[in-house]
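Student: Sharing data_29.pdb (PDB, C-alpha atoms) below.
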```
ATOM      1  CA  MET E  17     250.597  -1.721 400.510
ATOM      2  CA  GLU E  18     250.651   1.096 397.954
ATOM      3  CA  ILE E  19     249.362  -1.205 395.188
ATOM      4  CA  PHE E  20     246.427  -2.338 397.336
ATOM      5  CA  SER E  21     245.728   1.281 398.331
ATOM      6  CA  PHE E  22     245.825   2.307 394.682
ATOM      7  CA  ILE E  23     243.296  -0.372 393.694
ATOM      8  CA  THR E  24     240.886   0.546 396.495
ATOM      9  CA  GLY E  25     241.340   4.223 395.649
ATOM     10  CA  VAL E  26     240.404   3.687 392.002
ATOM     11  CA  LEU E  27     237.357   1.658 392.995
ATOM     12  CA  TYR E  28     236.369   4.395 395.460
ATOM     13  CA  ILE E  29     236.492   7.213 392.898
ATOM     14  CA  VAL E  30     234.521   5.189 390.338
ATOM     15  CA  LEU E  31     231.817   4.546 392.938
ATOM     16  CA  GLU E  32     231.866   8.220 394.007
ATOM     17  CA  TYR E  33     231.431   9.346 390.406
ATOM     18  CA  MET E  34     228.463   6.982 390.105
ATOM     19  CA  HIS E  35     227.129   8.132 393.507
ATOM     20  CA  LYS E  36     226.986   4.590 394.908
ATOM     21  CA  LYS E  37     226.664   4.012 398.656
ATOM     22  CA  PHE E  38     229.168   1.132 398.535
ATOM     23  CA  MET E  39     231.785   3.863 397.987
ATOM     24  CA  TRP E  40     231.748   4.460 401.740
ATOM     25  CA  VAL E  41     232.585   0.804 402.500
ATOM     26  CA  VAL E  42     235.480   0.898 400.051
ATOM     27  CA  GLY E  43     236.499   4.222 401.624
ATOM     28  CA  ILE E  44     236.883   2.537 405.015
ATOM     29  CA  ILE E  45     239.262  -0.041 403.543
ATOM     30  CA  SER E  46     241.154   2.494 401.429
ATOM     31  CA  ALA E  47     241.621   4.879 404.360
ATOM     32  CA  ALA E  48     243.093   2.142 406.534
ATOM     33  CA  ALA E  49     245.550   1.185 403.783
ATOM     34  CA  TYR E  50     246.537   4.753 402.897
ATOM     35  CA  PHE E  51     247.124   5.554 406.560
ATOM     36  CA  LEU E  52     250.146   3.266 406.376
ATOM     37  CA  VAL E  53     251.310   4.601 403.005
ATOM     38  CA  PHE E  54     251.242   8.247 404.151
ATOM     39  CA  MET E  55     252.946   7.410 407.466
ATOM     40  CA  ASP E  56     255.770   5.882 405.451
ATOM     41  CA  MET E  57     256.036   9.141 403.429
ATOM     42  CA  ARG E  58     256.154  11.205 406.649
ATOM     43  CA  LEU E  59     253.039  13.100 405.583
ATOM     44  CA  TYR E  60     251.541  13.039 409.050
ATOM     45  CA  ALA E  61     248.493  15.219 408.472
ATOM     46  CA  LYS E  62     247.594  13.073 405.462
ATOM     47  CA  SER E  63     247.944  10.028 407.721
ATOM     48  CA  VAL E  64     245.625  11.496 410.341
ATOM     49  CA  LEU E  65     243.255  12.483 407.536
ATOM     50  CA  GLN E  66     242.902   8.787 406.723
ATOM     51  CA  ILE E  67     241.587   8.200 410.257
ATOM     52  CA  TYR E  68     239.031  10.936 409.635
ATOM     53  CA  TYR E  69     238.122   9.359 406.270
ATOM     54  CA  PHE E  70     237.699   6.012 408.006
ATOM     55  CA  LEU E  71     235.321   7.456 410.616
ATOM     56  CA  ILE E  72     233.311   9.771 408.368
ATOM     57  CA  SER E  73     232.714   6.909 405.946
ATOM     58  CA  PHE E  74     230.297   5.432 408.482
ATOM     59  CA  TYR E  75     228.474   8.765 408.703
ATOM     60  CA  GLY E  76     228.398   9.156 404.920
ATOM     61  CA  LEU E  77     226.981   5.672 404.482
ATOM     62  CA  TYR E  78     224.181   6.479 406.930
ATOM     63  CA  ILE E  79     223.355   9.871 405.364
ATOM     64  CA  TRP E  80     223.345   8.523 401.797
ATOM     65  CA  TYR E  81     221.117   5.632 402.845
ATOM     66  CA  ARG E  82     218.712   8.048 404.551
ATOM     67  CA  ASP E  83     218.694  10.450 401.590
ATOM     68  CA  ARG E  84     218.031   7.653 399.103
ATOM     69  CA  LYS E  85     215.077   6.456 401.162
ATOM     70  CA  SER E  86     213.577   9.968 401.310
ATOM     71  CA  VAL E  87     213.870  10.421 397.524
ATOM     72  CA  GLU E  88     212.486   6.957 396.754
ATOM     73  CA  GLY E  89     209.509   7.699 398.995
ATOM     74  CA  ALA E  90     208.670  11.085 397.426
ATOM     75  CA  GLU E  91     205.501  11.069 395.339
ATOM     76  CA  GLY E  92     205.928  12.091 391.718
ATOM     77  CA  GLN E  93     209.722  12.136 392.046
ATOM     78  CA  GLU E  94     211.586  10.649 389.112
ATOM     79  CA  LYS E  95     213.772   7.847 390.423
ATOM     80  CA  LYS E  96     217.406   8.850 390.019
ATOM     81  CA  SER E  97     220.466   7.212 391.491
ATOM     82  CA  ILE E  98     222.252  10.504 392.192
ATOM     83  CA  THR E  99     220.975  12.984 394.725
ATOM     84  CA  TYR E 100     222.737  16.221 395.596
ATOM     85  CA  ARG E 101     222.331  19.416 397.577
ATOM     86  CA  ILE E 102     223.367  23.032 397.037
ATOM     87  CA  PRO E 103     225.056  24.534 400.109
ATOM     88  CA  ASN E 104     223.622  27.796 401.412
ATOM     89  CA  ALA E 105     225.738  30.888 402.119
ATOM     90  CA  LYS E 106     225.726  30.304 405.885
ATOM     91  CA  PHE E 107     227.104  26.774 405.430
ATOM     92  CA  VAL E 108     229.777  27.922 402.975
ATOM     93  CA  THR E 109     230.852  30.726 405.353
ATOM     94  CA  ALA E 110     231.060  28.292 408.267
ATOM     95  CA  SER E 111     233.092  25.889 406.112
ATOM     96  CA  VAL E 112     235.572  28.637 405.183
ATOM     97  CA  LEU E 113     235.970  29.745 408.814
ATOM     98  CA  VAL E 114     236.496  26.186 410.035
ATOM     99  CA  SER E 115     238.958  25.576 407.198
ATOM    100  CA  VAL E 116     241.065  28.607 408.109
ATOM    101  CA  MET E 117     241.190  27.583 411.778
ATOM    102  CA  VAL E 118     242.039  23.949 411.012
ATOM    103  CA  PHE E 119     244.693  24.970 408.475
ATOM    104  CA  ILE E 120     246.424  27.338 410.921
ATOM    105  CA  LEU E 121     246.340  24.733 413.681
ATOM    106  CA  LEU E 122     247.637  21.941 411.451
ATOM    107  CA  MET E 123     250.344  24.092 409.878
ATOM    108  CA  THR E 124     251.546  25.211 413.299
ATOM    109  CA  VAL E 125     251.649  21.669 414.693
ATOM    110  CA  LEU E 126     253.275  20.182 411.607
ATOM    111  CA  SER E 127     255.880  22.941 411.318
ATOM    112  CA  SER E 128     256.927  23.005 414.948
ATOM    113  CA  LEU E 129     256.292  19.550 416.379
ATOM    114  CA  THR E 130     256.915  17.053 413.574
ATOM    115  CA  SER E 131     259.363  16.163 410.856
ATOM    116  CA  ASP E 132     256.603  16.473 408.241
ATOM    117  CA  SER E 133     258.254  16.785 404.846
ATOM    118  CA  MET E 134     255.794  19.426 403.510
ATOM    119  CA  PRO E 135     253.946  21.008 406.441
ATOM    120  CA  VAL E 136     252.166  23.827 404.587
ATOM    121  CA  LEU E 137     250.921  21.724 401.662
ATOM    122  CA  ASP E 138     250.139  18.808 403.957
ATOM    123  CA  ALA E 139     248.089  21.092 406.227
ATOM    124  CA  LEU E 140     246.281  22.723 403.298
ATOM    125  CA  SER E 141     245.414  19.531 401.441
ATOM    126  CA  THR E 142     244.383  17.837 404.674
ATOM    127  CA  THR E 143     242.137  20.733 405.666
ATOM    128  CA  LEU E 144     240.468  20.683 402.264
ATOM    129  CA  GLY E 145     240.097  16.908 402.526
ATOM    130  CA  ILE E 146     238.340  17.210 405.883
ATOM    131  CA  VAL E 147     235.898  19.806 404.579
ATOM    132  CA  GLY E 148     235.478  18.033 401.250
ATOM    133  CA  THR E 149     234.615  14.702 402.806
ATOM    134  CA  TYR E 150     232.017  16.308 405.048
ATOM    135  CA  TRP E 151     230.551  18.076 402.010
ATOM    136  CA  LEU E 152     230.545  14.728 400.175
ATOM    137  CA  SER E 153     228.756  13.016 403.065
ATOM    138  CA  ARG E 154     226.014  15.639 402.692
ATOM    139  CA  SER E 155     226.059  15.279 398.870
ATOM    140  CA  TYR E 156     226.885  18.948 398.208
ATOM    141  CA  ILE E 157     227.513  19.078 394.471
ATOM    142  CA  HIS E 158     230.182  21.762 394.817
ATOM    143  CA  VAL E 159     232.387  19.273 396.665
ATOM    144  CA  TRP E 160     233.856  18.503 393.257
ATOM    145  CA  TYR E 161     235.545  21.937 393.212
ATOM    146  CA  ILE E 162     237.170  21.173 396.561
ATOM    147  CA  TRP E 163     238.322  17.787 395.246
ATOM    148  CA  ILE E 164     239.936  19.313 392.158
ATOM    149  CA  ILE E 165     242.148  21.541 394.343
ATOM    150  CA  THR E 166     242.816  18.900 397.001
ATOM    151  CA  ASP E 167     243.674  16.155 394.545
ATOM    152  CA  ALA E 168     245.910  18.375 392.414
ATOM    153  CA  LEU E 169     247.855  19.434 395.535
ATOM    154  CA  THR E 170     248.178  15.853 396.687
ATOM    155  CA  THR E 171     249.336  14.751 393.241
ATOM    156  CA  TYR E 172     252.161  17.279 393.432
ATOM    157  CA  MET E 173     253.055  16.277 396.997
ATOM    158  CA  VAL E 174     253.363  12.562 396.308
ATOM    159  CA  ILE E 175     255.318  13.138 393.091
ATOM    160  CA  ILE E 176     257.869  15.042 395.187
ATOM    161  CA  GLN E 177     257.929  12.034 397.546
ATOM    162  CA  GLY E 178     258.598   9.686 394.613
ATOM    163  CA  SER E 179     255.349   7.781 395.075
ATOM    164  CA  TYR E 180     254.324   7.607 391.442
ATOM    165  CA  MET E 181     251.507   5.081 391.810
ATOM    166  CA  THR E 182     249.791   7.267 394.402
ATOM    167  CA  ALA E 183     250.474  10.302 392.190
ATOM    168  CA  LEU E 184     248.715   8.529 389.329
ATOM    169  CA  LEU E 185     245.764   7.790 391.603
ATOM    170  CA  TYR E 186     245.446  11.435 392.664
ATOM    171  CA  ALA E 187     245.806  12.602 389.062
ATOM    172  CA  ILE E 188     242.914  10.269 388.221
ATOM    173  CA  TYR E 189     240.982  11.718 391.187
ATOM    174  CA  THR E 190     241.590  15.218 389.811
ATOM    175  CA  ALA E 191     240.309  14.316 386.352
ATOM    176  CA  VAL E 192     237.293  12.429 387.683
ATOM    177  CA  SER E 193     236.452  15.412 389.893
ATOM    178  CA  VAL E 194     235.983  17.563 386.806
ATOM    179  CA  TYR E 195     233.656  14.978 385.259
ATOM    180  CA  GLY E 196     231.984  14.216 388.588
ATOM    181  CA  TYR E 197     230.429  17.642 388.870
ATOM    182  CA  PHE E 198     228.882  17.429 385.414
ATOM    183  CA  ASN E 199     227.772  13.835 385.965
ATOM    184  CA  TRP E 200     225.938  14.673 389.193
ATOM    185  CA  LYS E 201     224.431  17.814 387.645
ATOM    186  CA  LYS E 202     223.202  15.969 384.544
ATOM    187  CA  ARG E 203     222.057  12.694 386.060
ATOM    188  CA  GLY E 204     221.119  13.782 389.564
ATOM    189  CA  VAL E 205     218.189  15.269 391.360
ATOM    190  CA  MET E 206     218.572  18.126 393.831
ATOM    191  CA  ILE E 207     217.251  17.473 397.334
ATOM    192  CA  LYS E 208     216.960  19.747 400.358
TER     193      LYS E 208
END
```
Turn this file's structure into structure tokens for me.

Tutor:
Amino acid sequence: MEIFSFITGVLYIVLEYMHKKFMWVVGIISAAAYFLVFMDMRLYAKSVLQIYYFLISFYGLYIWYRDRKSVEGAEGQEKKSITYRIPNAKFVTASVLVSVMVFILLMTVLSSLTSDSMPVLDALSTTLGIVGTYWLSRSYIHVWYIWIITDALTTYMVIIQGSYMTALLYAIYTAVSVYGYFNWKKRGVMIK
């Protein structure tokens, strides 16, 4: 299952980098596969995160389809395949507050009610993954900063678990996240 998850994960990040809507379809498949992989590693928050990824992929597909239609219909707008937004201060503040609450809740549950092998890191990387995926669904360009942190943490976590193929995938995610920001900035068009 890890090999299949790895392949779908690589395809997903390539499509994300290119800002292709099909990324969300691949994300549905990848999330279902990685749910099983993370359950086997006893990284329970990461497993639950895959359920969230599965569900938000439908939302992301809808939002990206809607955004593409609004850009294609704009008069005088150069046709670009990448659209992105800049989050405002109110949205960033709300994201930080929600992140703190989710992290504390997850860390408490994982530490006291499960046999999670890394409750603090699992809670932190999962919280960032939740926020990051929502930011991605809205095409906030600064999501790439969240992904750099999340993917680096996850790389470390799965190395400790001895899951080297998944570690390679998350190391690739980390590197692509650095390039992703610049790619969207250079090739994209900002929308409201």

Student: Take the point (236.3, 16.8, 394.6) as written in the file and pick out every residue within 6 Å of it, counting all atoms listed in the file; give the list as a list of chain:residue names.

Tutor: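 Residues lying no farther than 6 Å from the given point: E:Val159, E:Trp160, E:Tyr161, E:Ile162, E:Trp163, E:Ile164, E:Ser193.
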
Student: Please produce a file of those selected residues containing C-alpha atoms, as a PDB file, in the frame of the given file.

Tutor:
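again.pdb, freshly written:
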```pdb
ATOM      1  CA  VAL E 159     232.387  19.273 396.665  1.00  0.00           C
ATOM      2  CA  TRP E 160     233.856  18.503 393.257  1.00  0.00           C
ATOM      3  CA  TYR E 161     235.545  21.937 393.212  1.00  0.00           C
ATOM      4  CA  ILE E 162     237.170  21.173 396.561  1.00  0.00           C
ATOM      5  CA  TRP E 163     238.322  17.787 395.246  1.00  0.00           C
ATOM      6  CA  ILE E 164     239.936  19.313 392.158  1.00  0.00           C
ATOM      7  CA  SER E 193     236.452  15.412 389.893  1.00  0.00           C
TER       8      SER E 193
END
```

Student: Nearest to Leu144 in chain E: which of E:Met17, E:Met181, E:Leu65, E:Ile157 is it, counting all atoms listed in the file?

Tutor: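 Nearest to Leu144 in chain E: E:Leu65.
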
Student: Report, in Å to a single decimal, how far apart CA of Ile44 in chain E and CA of Leu71 in chain E are.

Tutor: 7.6 Å

Student: Near Leu152 in chain E, within 12 Å and counting all atoms listed in the file, which residues show up once chain neighbours fewer than 4 positions away are dropped, as a ChimeraX atom specification?

Tutor: /E:32-33,35-37,39-40,69,72-73,75-77,79-80,99-103,144-148,156-163,193,196-197,200

Student: From the set E:Met173, E:Met206, E:Val41, E:Leu184, which residue has the shortest atom-to-atom contact distance to Asp132 in chain E, counting all atoms listed in the file?

Tutor: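 Looking at the shortest contact to Asp132 in chain E, the residue is E:Met173.
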
Student: The residues within 7 Å of (252.4, 11.6, 389.8), using only C-alpha atoms and the coordinates of the file, should be reported as a PyMOL selection string; which are they?

Tutor: chain E and resi 171-172+174-175+180-184+187

Student: Mind giving me the straight-line distance from CA of Ser128 in chain E to CA of Thr109 in chain E in Å, one decimal?

Tutor: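 For CA of Ser128 in chain E relative to CA of Thr109 in chain E, the distance reads 28.8 Å.
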
Student: Kindly indicate which residue among E:Ala61, E:Leu140, E:Ser131, E:Ile98 lies nearest to Val116 in chain E, using only C-alpha atoms for the distances.

Tutor: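 Comparing E:Ala61, E:Leu140, E:Ser131, E:Ile98 against Val116 in chain E, the winner is E:Leu140.
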
Student: In Å to one decimal, how far is CA of Val136 in chain E from CA of Val42 in chain E?

Tutor: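 Interatomic distance, CA of Val42 in chain E to CA of Val136 in chain E: 28.7 Å.
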
Student: List the residues matched by the PyMOL selection byres ((chain E and resi 45-47) around 8) in the displayed structure as a PDB file with C-alpha atoms, in the frame of the given file, ordered by chain and then by residue number.

Tutor:
```pdb
ATOM      1  CA  SER E  21     245.728   1.281 398.331  1.00  0.00           C
ATOM      2  CA  THR E  24     240.886   0.546 396.495  1.00  0.00           C
ATOM      3  CA  GLY E  25     241.340   4.223 395.649  1.00  0.00           C
ATOM      4  CA  TYR E  28     236.369   4.395 395.460  1.00  0.00           C
ATOM      5  CA  VAL E  41     232.585   0.804 402.500  1.00  0.00           C
ATOM      6  CA  VAL E  42     235.480   0.898 400.051  1.00  0.00           C
ATOM      7  CA  GLY E  43     236.499   4.222 401.624  1.00  0.00           C
ATOM      8  CA  ILE E  44     236.883   2.537 405.015  1.00  0.00           C
ATOM      9  CA  ALA E  48     243.093   2.142 406.534  1.00  0.00           C
ATOM     10  CA  ALA E  49     245.550   1.185 403.783  1.00  0.00           C
ATOM     11  CA  TYR E  50     246.537   4.753 402.897  1.00  0.00           C
ATOM     12  CA  PHE E  51     247.124   5.554 406.560  1.00  0.00           C
ATOM     13  CA  GLN E  66     242.902   8.787 406.723  1.00  0.00           C
ATOM     14  CA  ILE E  67     241.587   8.200 410.257  1.00  0.00           C
ATOM     15  CA  TYR E  69     238.122   9.359 406.270  1.00  0.00           C
ATOM     16  CA  PHE E  70     237.699   6.012 408.006  1.00  0.00           C
TER      17      PHE E  70
END
```

Student: Output as a PDB file, keeping the file's coordinate frame: range 142-163 of chain E, completed with N, CA and C atoms.

Tutor:
```
ATOM      1  N   THR E 142     245.118  18.566 403.645  1.00  0.00           N
ATOM      2  CA  THR E 142     244.383  17.837 404.674  1.00  0.00           C
ATOM      3  C   THR E 142     243.148  18.601 405.112  1.00  0.00           C
ATOM      4  N   THR E 143     243.287  19.900 405.296  1.00  0.00           N
ATOM      5  CA  THR E 143     242.137  20.733 405.666  1.00  0.00           C
ATOM      6  C   THR E 143     241.050  20.646 404.600  1.00  0.00           C
ATOM      7  N   LEU E 144     241.449  20.779 403.353  1.00  0.00           N
ATOM      8  CA  LEU E 144     240.468  20.683 402.264  1.00  0.00           C
ATOM      9  C   LEU E 144     239.840  19.289 402.203  1.00  0.00           C
ATOM     10  N   GLY E 145     240.624  18.265 402.502  1.00  0.00           N
ATOM     11  CA  GLY E 145     240.097  16.908 402.526  1.00  0.00           C
ATOM     12  C   GLY E 145     239.064  16.701 403.622  1.00  0.00           C
ATOM     13  N   ILE E 146     239.299  17.301 404.771  1.00  0.00           N
ATOM     14  CA  ILE E 146     238.340  17.210 405.883  1.00  0.00           C
ATOM     15  C   ILE E 146     237.020  17.854 405.479  1.00  0.00           C
ATOM     16  N   VAL E 147     237.106  19.088 404.985  1.00  0.00           N
ATOM     17  CA  VAL E 147     235.898  19.806 404.579  1.00  0.00           C
ATOM     18  C   VAL E 147     235.227  19.104 403.398  1.00  0.00           C
ATOM     19  N   GLY E 148     236.032  18.691 402.426  1.00  0.00           N
ATOM     20  CA  GLY E 148     235.478  18.033 401.250  1.00  0.00           C
ATOM     21  C   GLY E 148     234.740  16.747 401.572  1.00  0.00           C
ATOM     22  N   THR E 149     235.278  15.955 402.473  1.00  0.00           N
ATOM     23  CA  THR E 149     234.615  14.702 402.806  1.00  0.00           C
ATOM     24  C   THR E 149     233.310  14.952 403.547  1.00  0.00           C
ATOM     25  N   TYR E 150     233.287  15.974 404.394  1.00  0.00           N
ATOM     26  CA  TYR E 150     232.017  16.308 405.048  1.00  0.00           C
ATOM     27  C   TYR E 150     230.999  16.773 404.005  1.00  0.00           C
ATOM     28  N   TRP E 151     231.445  17.624 403.085  1.00  0.00           N
ATOM     29  CA  TRP E 151     230.551  18.076 402.010  1.00  0.00           C
ATOM     30  C   TRP E 151     230.060  16.872 401.199  1.00  0.00           C
ATOM     31  N   LEU E 152     230.937  15.926 400.915  1.00  0.00           N
ATOM     32  CA  LEU E 152     230.545  14.728 400.175  1.00  0.00           C
ATOM     33  C   LEU E 152     229.519  13.924 400.950  1.00  0.00           C
ATOM     34  N   SER E 153     229.710  13.778 402.261  1.00  0.00           N
ATOM     35  CA  SER E 153     228.756  13.016 403.065  1.00  0.00           C
ATOM     36  C   SER E 153     227.363  13.627 402.997  1.00  0.00           C
ATOM     37  N   ARG E 154     227.294  14.933 402.801  1.00  0.00           N
ATOM     38  CA  ARG E 154     226.014  15.639 402.692  1.00  0.00           C
ATOM     39  C   ARG E 154     225.568  15.787 401.233  1.00  0.00           C
ATOM     40  N   SER E 155     226.346  15.252 400.317  1.00  0.00           N
ATOM     41  CA  SER E 155     226.059  15.279 398.870  1.00  0.00           C
ATOM     42  C   SER E 155     225.983  16.698 398.299  1.00  0.00           C
ATOM     43  N   TYR E 156     226.825  17.606 398.792  1.00  0.00           N
ATOM     44  CA  TYR E 156     226.885  18.948 398.208  1.00  0.00           C
ATOM     45  C   TYR E 156     227.622  18.854 396.880  1.00  0.00           C
ATOM     46  N   ILE E 157     226.961  19.257 395.819  1.00  0.00           N
ATOM     47  CA  ILE E 157     227.513  19.078 394.471  1.00  0.00           C
ATOM     48  C   ILE E 157     228.814  19.847 394.277  1.00  0.00           C
ATOM     49  N   HIS E 158     228.976  20.952 394.985  1.00  0.00           N
ATOM     50  CA  HIS E 158     230.182  21.762 394.817  1.00  0.00           C
ATOM     51  C   HIS E 158     231.414  21.157 395.489  1.00  0.00           C
ATOM     52  N   VAL E 159     231.243  19.979 396.114  1.00  0.00           N
ATOM     53  CA  VAL E 159     232.387  19.273 396.665  1.00  0.00           C
ATOM     54  C   VAL E 159     233.415  18.976 395.579  1.00  0.00           C
ATOM     55  N   TRP E 160     232.939  18.834 394.345  1.00  0.00           N
ATOM     56  CA  TRP E 160     233.856  18.503 393.257  1.00  0.00           C
ATOM     57  C   TRP E 160     234.900  19.589 393.056  1.00  0.00           C
ATOM     58  N   TYR E 161     234.560  20.849 393.309  1.00  0.00           N
ATOM     59  CA  TYR E 161     235.545  21.937 393.212  1.00  0.00           C
ATOM     60  C   TYR E 161     236.630  21.766 394.276  1.00  0.00           C
ATOM     61  N   ILE E 162     236.207  21.408 395.481  1.00  0.00           N
ATOM     62  CA  ILE E 162     237.170  21.173 396.561  1.00  0.00           C
ATOM     63  C   ILE E 162     238.092  20.021 396.185  1.00  0.00           C
ATOM     64  N   TRP E 163     237.509  18.949 395.620  1.00  0.00           N
ATOM     65  CA  TRP E 163     238.322  17.787 395.246  1.00  0.00           C
ATOM     66  C   TRP E 163     239.337  18.114 394.154  1.00  0.00           C
TER      67      TRP E 163
END
```
